[in-house]
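Engineer: Encoded as structure tokens, here's the structure I'll be asking about.
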Amino acid sequence: MATNENLPPNVIKQLAKELKNLDETPPEGIKVVVNDDDFSTIFADIDGPAGTPYENGVFRMKLLLCRDFPHSPPKGYFLTKIFHPNVANNGEICVNTLKKDWNPSLGLRHVLIVVRCLLIEPFPESALNELAGKLLLEDYEEYARHARIYTGIHAKPKAKFKSGAITESTTALNVDQTNTSVLNADIKTMPSSAALPPLSTSAALPPLLLPSTTAARGASQDQAAGILTESSANRSTAAAVVSAAHAPQKKEIGTAKAQADKKKLDARKKSLKRL
């Protein structure tokens with residue numbers, strides 16, 4: 001049992017019983033966070049009620065119990081930032097149950113339920129946030145828009161991860177890293193002969209041997225045209241070899257390269273014979 005100098009032993013005993021009951025049978029949309037070492041501060045997570053601008057939000061609040069509790073009411077504060085007429089900028093909650101309507105017979109369960117109901121039906125007449133109170137009375141849609149923005153930014157529920165899901169994600173990451181390592185190893189061990197040399201215009205086009213005499217220029221032009229035709233065929237063959245290089249079969253790449261080299265050599269021999 002907790003020992004707290006701010007609260008009498010009989011109050012601590014009563015609080016321990018009530019907190020145990022709240023933990024075992026919590027009110028709808030309310031989860032009490034019990035601290036066995038300090039009963040003077042009670043924390044609770046409140047789910048935003050459906051159909052309100054606070055829907056899908058989770059709001060953390062606390063109740064501060066003074067030494068003469070339960071004769072004096074606790075003080076309530078929202079720790080989660082919220083746009084609400086009855087909540088001040090510092091999080092202080094203004095509700096009659098915690099002020100003039102307080103009764104020592106009221107328990108923590110009743111107080112927490114009243115605070116959640118305040119999210120359903122605010123009281124702009126006793127507003128601590130003047131802007132929220134004014135918008136609620138004059139332009140509800142604008143008030144609700146502001147409240148939803150605050151909820152989306154500040155009251156997002158914390159993500160809950162399952163250990164199994166985390167393990168699966170880690171396994172998948174390891175597999176991806178292994179596959180990447182194997183791919184890198186394959187690239188490093190690839191023989192240099194598998195790489196195709198870059199195409200060069202000078203390599204594809206053999207130099208033209210022009211005769212020195214004016215009389216042979218006509219025949220030389222015909223021969224040059226034939227050489228250019230052969231060179232175009234060589235370029236087409238080289239392009240086909242480049243396309244084949246993307247195939248995963250290293251053996252096929254080597255064969256295609258050898259055939260291309262042979263065709264280039266044959267084409268050059270034919271060109272020289274014609275000259």
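So you can find residues: chains in the structure tokens are A, B, ... in the order shown, residues in each start at 1, and ligands are numbered from 1 in order.
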So that I can see what lies close to segment 43-60 of chain A, please list as a ChimeraX atom specification the residues with an atom at most 8 Å from it, counting only C-alpha atoms and leaving out residues fewer than 3 positions away in the same chain.

Structural biologist: /A:29-34,63,78-80,116,119-120,144-145,147-148,151-152,155-157

Engineer: Enumerate, as a VMD selection string, the complete set of residues in segment 19-109 of chain A that a backbone-based DSSP assignment places in strand (DSSP E).

Structural biologist: chain A and resid 30 to 33 41 to 47 58 to 64 75 to 78

Engineer: So how far away is atom CA of Cys66 of chain A from atom CA of Ala127 of chain A, in Å?

Structural biologist: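 One can read the atom CA of Ala127 of chain A to atom CA of Cys66 of chain A distance as 24.4 Å.
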
Engineer: When you draw a straight line from atom CA of Leu136 of chain A to atom CA of Pro124 of chain A, how long is it in Å?

Structural biologist: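 According to the coordinates, atom CA of Leu136 of chain A and atom CA of Pro124 of chain A are separated by 7.0 Å.
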
Engineer: Of the candidates A:Gln14, A:Asn129, A:Ser72, A:Ser40, which one gets nearest to Cys94 of chain A if we count only C-alpha atoms?

Structural biologist: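 Comparing A:Gln14, A:Asn129, A:Ser72, A:Ser40 against Cys94 of chain A, the winner is A:Asn129.
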
Engineer: So that I can check the surroundings of Glu125 of chain A, please list as a ChimeraX atom specification every protein, DNA and RNA residue that reaches within 10 Å of it, counting only C-alpha atoms and ignoring chain neighbours fewer than 5 positions away.

Structural biologist: /A:85-86,130,133-134,137

Engineer: Next, dump the selected residues to file, keeping only N, CA and C atoms, as a JSON list (two decimals), in the first residue's frame.

Structural biologist:
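Final output, selection_15.json:
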[["chain", "number", "residue", "atom", "x", "y", "z"],
["A", 85, "PRO", "N", -14.26, 25.04, -24.64],
["A", 85, "PRO", "CA", -14.62, 26.24, -23.88],
["A", 85, "PRO", "C", -14.28, 26.14, -22.39],
["A", 86, "ASN", "N", -14.39, 24.94, -21.83],
["A", 86, "ASN", "CA", -14.23, 24.78, -20.38],
["A", 86, "ASN", "C", -12.84, 24.30, -19.98],
["A", 130, "GLU", "N", -12.12, 31.77, -24.06],
["A", 130, "GLU", "CA", -13.14, 32.69, -24.57],
["A", 130, "GLU", "C", -13.41, 32.48, -26.06],
["A", 133, "GLY", "N", -15.54, 29.39, -26.50],
["A", 133, "GLY", "CA", -16.90, 29.65, -26.05],
["A", 133, "GLY", "C", -17.67, 30.52, -27.03],
["A", 134, "LYS", "N", -17.03, 31.55, -27.57],
["A", 134, "LYS", "CA", -17.70, 32.44, -28.52],
["A", 134, "LYS", "C", -18.06, 31.71, -29.81],
["A", 137, "LEU", "N", -21.05, 29.37, -29.45],
["A", 137, "LEU", "CA", -22.35, 30.05, -29.42],
["A", 137, "LEU", "C", -22.72, 30.66, -30.77]]

Engineer: Name all residues at most 7 Å from Ala132 of chain A (count only C-alpha atoms; drop same-chain ones fewer than 6 positions away) and give them as an mmCIF file with N, CA and C atoms, in the first residue's frame.

Structural biologist:
data_model
loop_
_atom_site.group_PDB
_atom_site.id
_atom_site.type_symbol
_atom_site.label_atom_id
_atom_site.label_comp_id
_atom_site.auth_asym_id
_atom_site.auth_seq_id
_atom_site.Cartn_x
_atom_site.Cartn_y
_atom_site.Cartn_z
ATOM 1 N N PHE A 83 -8.958 22.051 -27.683
ATOM 2 C CA PHE A 83 -9.712 23.291 -27.933
ATOM 3 C C PHE A 83 -11.124 23.066 -27.393
ATOM 4 N N HIS A 84 -11.382 23.638 -26.212
ATOM 5 C CA HIS A 84 -12.661 23.398 -25.522
ATOM 6 C C HIS A 84 -12.989 24.622 -24.665
ATOM 7 N N PRO A 85 -14.258 25.038 -24.644
ATOM 8 C CA PRO A 85 -14.619 26.238 -23.876
ATOM 9 C C PRO A 85 -14.285 26.135 -22.395
ATOM 10 N N TYR A 143 -16.194 26.329 -34.703
ATOM 11 C CA TYR A 143 -15.721 25.766 -33.429
ATOM 12 C C TYR A 143 -15.299 24.305 -33.609
#

Engineer: Using atom CA of Pro122 of chain A and atom CA of Glu24 of chain A as the two end points, give the distance in Å to one decimal.

Structural biologist: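 So the two atoms, atom CA of Pro122 of chain A and atom CA of Glu24 of chain A, lie 29.0 Å apart.
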
Engineer: Quick one: residues within 10 Å of Pro73 of chain A, only C-alpha atoms counted, chain neighbours fewer than 2 positions away excluded, as an NGL selection string?

Structural biologist: :A and (63-66 or 68-71 or 75-76 or 97-104 or 106 or 111)
